[in-house]
Each structure stands twice: as C-alpha cells, then as structure tokens.
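Written below as structure tokens is the structure these notes are about.
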Amino acid sequence: MRAEIIATGSELLTGGVIDSNSVYLAEELLDIGIETAFRTVVGDNDKDMDEALRGALARVDVILVTGGIGPTEDDMTRKAVARVLKKRLVLSDDALKAVKAVFSAKGKKYPGANDRQALIPGGARILSNPVGVAPGFYCIDEGKFIAVMPGVPAEMRAMFREGLRQVLSEHFGGKAAIRRKVLHTCGLSESKVNELIQDILKQKRPAVGLTAKESGVDIRIVAREGSGARSRTVVERTESEVRKKLGDAVYGVDGQDLEEIVGALLRQRKFTIAVAESCTGGLIGGRLTNIAGSSDYFERSVVVYSYEAKTSLLGVPAGLIESRGAVSSEVAVAMAGGIRDQAKTTFGLAVTGIAGPGGGTPEKPVGLVYIALASKDGVKVDEHRFLGTREQVRLRTAQAALDMVRRYLIA
C-alpha cells in the first residue's frame, strides 16, 4: 500500500516556512503500515494543483493533501479535488454547523466568507477539526483514497490523530504488511552505534538505518514481509538483537521522549526531583513539566545564571566559585546538593557549562558542561564536551542530564 503526500501553499516554496506536515504524516502512515512513496509541494496555482493530484492518482493508493482549505480565494484545494474527480462542490450542513460553532463558542460574529469552508466534493465525508475552524474531508473514488486536511500543523495533527488515523486503519490496516519501530538512544555517537550493530545494519531484511539527532541516535527498523504478523515478528526479533548490543543506551521506542521515561520511573518509585540550571536556562525543568501529572514527582526548578544566584538560592560558597570557576565539577556538585537540600527531594539535578558562542578559554572551551546528580548515595558528576551551536549545546546538555537520572534509576 503506497501513499503520496501533497503539501500546498506558495509559502512552502519561497522559503521561511518548513513543511513539517509531510514529515509527521509519513511517520504516522508507516506506523499504520502504509508506505509514503512520494512527497509533493505545490504552490497556489490551479493548473499545478490539478497536475499534482492527477499524477498522484495515477501512481498511489492513498493521497493526503494538506493546506488550501481556508476561507480566502487562494485556498483552492477543495475546488481542485472536485475538478479532478469530476465532482460537484456541495455545501455540507454538518460542516457549516461545525464552522459556525467555532465562532459562536468564541463569541465572535460569523463572517459569511467562511461558508466556503463548508464546501466539499459530492460524496465526501467530513473530518472534524478539534482545534481550528476548517473541517477536512475524505473520499474514495475508483479505489483511490483521498483526504484533505488544514495546513496549520496543530490543526492537521489533531485532525489526523482524532479522526483520519482511525479511518485509514479501518480501510487499510488489515492489508498492510509493513511494520516499523524506531529505537531511541542516548550517550552513544552515530559512529559508535554503527560499530556496535554493523552486522545488523548489513542485513537486507529488515531494513535498518540510523538517524543522528540532537537527542541522540535513532535506529529505524522497517520490515516488509508477506503479512503484518510476519513483519511484526521480524521487527521484534531485530529489536531484541539491537538491545542486546546497545544495552542501557536504548531508552525508548517510537514516540516516547526521554522526559516521559524519566517521569514514569520517578512516579513508579515515588521519588521526587528538583533542578538547578545555569547554561540550559530552564530547558530541563520545561521538559519534565511537559508531561501530564509531573507534579507527582517534580518539585521545583531554579535558573541560577549569575554567581550571586548560585550563592543566594543554592548556598554555593562564593569562595568556591571564585577559586574553581562557575563552570566546574565542584560548583556543579554544590548546586545539585543545594537544590536537593532546599527542595527536600529525592534527587537534586544541576547543570553548569559554557554554551557559547563566546566565553570559552583553552582550559574551559565552549561546550564544556558539568552535570551533577545528588541523591542519598552522594553526588555523581559527569563532564561533557559538546560540539555545536549554542542551541545544540543547550539541547544536548538537557538530554544528557535527563539520561543521567534515567541511568541512575535503572541501575
């Protein structure tokens, strides 16, 4: 089963706007068992849009279109789909009620121009928009499945997640033979992962590949066997082989984030944590509190950027900072112990470092970071030397800090 994703909008071709929708949809489709064979970006031009749709109809089974269903004249997707399928555009009463309900809920006057957002090709079914105005729609014509969703990423994702995913699964899930799993790792370089699992990477079936990210290295396992059951068995067997070789470096699968894993481990053990951040400026605390229910284990986070803040809020001795420097293992240890004592938590996590681009010296270069974890067993501190931009150093520091907590909890 093959699909094509068509992203519409001239803004995607002129720079400044990234087509994140297609990346998201390709991942989700593969999870259902549908392989994305083509991705097309087309501007706001009737002829080009018609050509893109006809080309997709000739070569794939599933077509997902994002964008072009707003209330303005240049929103042409619904018209193009109707033209190519030789269908009339009809005003859907259900869609019109949904559009008007959004304005009513916000206490806003309804603009008549929004009526066009309720126009859909004859025979199409409505996809509700949980977070926006424009409904989407889908239809099946001569065995081809076509769905249209908004271009706004938050709206598209909610519509797919809460509606279209189930529709696709019902139509194609039983026929799909592709199975995929992504393993997330932390603490190993891409070259090291490649070295450790090179025999697995050389196998032709299943397909196994690596993707280096700021958060670590992902390992993609994709099986295309004669049935979904056989593909799933192959994926699970390969996952087991990878885990044996990489051990604790594997922290999650598919959509799991490290903060989710750490939060679950803390909650299971009824442990609590507090964080003191210097160079990361609140990134770690932000990630931990991204998880619903994090108040069960997260007590507080303080951003202590200045020397004075480290001393007054955490009790780090001014003399220690003066003698060893704010970026030092000794200060990281004092920060972790200080935040743990202040918050009376199971753990105190602290980071201090030089994110750059300036501020480095030959002795303490940009990218030097110390991460410390205080617990009942004392304080453990690690030194890191991260490469990259300021943003990359900060992101990698936050990931390494969370991983430090994870590894302690599973030891």
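Chain lettering (A, B, ...) mirrors the order of the structure tokens, residue numbering begins at 1 for each chain separately, and ligand numbering begins at 1 in order of display.
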*Ala101 in chain A: which residues within 12 Å, counting only C-alpha atoms, same-chain residues fewer than 2 positions away excluded, as a PyMOL selection string?*
chain A and resi 94-99+103-110+114+128-130+132-135
_DSSP on the backbone: which residues in range 294-403 of chain A end up as strand (DSSP E or B)? Give the answer as a ChimeraX atom specification._
/A:298-303,347-353,368-375,378-385
*List the neighbours of range 349-351 of chain A out to 10 Å using only C-alpha atoms; skip same-chain residues closer than 4 positions along the sequence, and give me the result as a ChimeraX atom specification.*
/A:273-281,284,301-304,327-329,331-340,369-375,379-382,397-398,400-402,404-405
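With only C-alpha atoms as the atoms that count, the minimum distance from Asp141 in chain A to the choices A:Arg116, A:Arg179, A:Lys87, A:Lys192 is reached by A:Lys87.
Neighbours of range 252-267 of chain A closer than or equal to 6 Å, with only C-alpha atoms counted and sequence neighbours fewer than 6 positions away skipped, come out as Val182, Leu183, His184, Leu288 and Arg406 of chain A.
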Keeping N, CA, C and O atoms for every residue in the selection just given, could you write it to a file as a tab-separated table (two decimals), in the first residue's frame?
```tsv
chain	number	residue	atom	x	y	z
A	182	VAL	N	11.03	2.48	15.85
A	182	VAL	CA	12.19	3.34	16.00
A	182	VAL	C	12.67	3.25	17.44
A	182	VAL	O	11.90	3.48	18.37
A	183	LEU	N	13.94	2.90	17.61
A	183	LEU	CA	14.55	2.83	18.93
A	183	LEU	C	15.36	4.11	19.17
A	183	LEU	O	16.14	4.52	18.31
A	184	HIS	N	15.17	4.73	20.32
A	184	HIS	CA	15.88	5.96	20.67
A	184	HIS	C	17.04	5.65	21.61
A	184	HIS	O	16.87	4.91	22.59
A	288	LEU	N	10.61	18.31	31.81
A	288	LEU	CA	10.00	17.47	32.84
A	288	LEU	C	8.53	17.83	33.05
A	288	LEU	O	7.69	16.94	33.26
A	406	ARG	N	17.88	8.87	34.36
A	406	ARG	CA	17.36	7.57	33.91
A	406	ARG	C	18.29	6.42	34.27
A	406	ARG	O	17.88	5.39	34.80
```
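Note that CA of His384 in chain A and CA of Thr361 in chain A are 15.4 Å apart.
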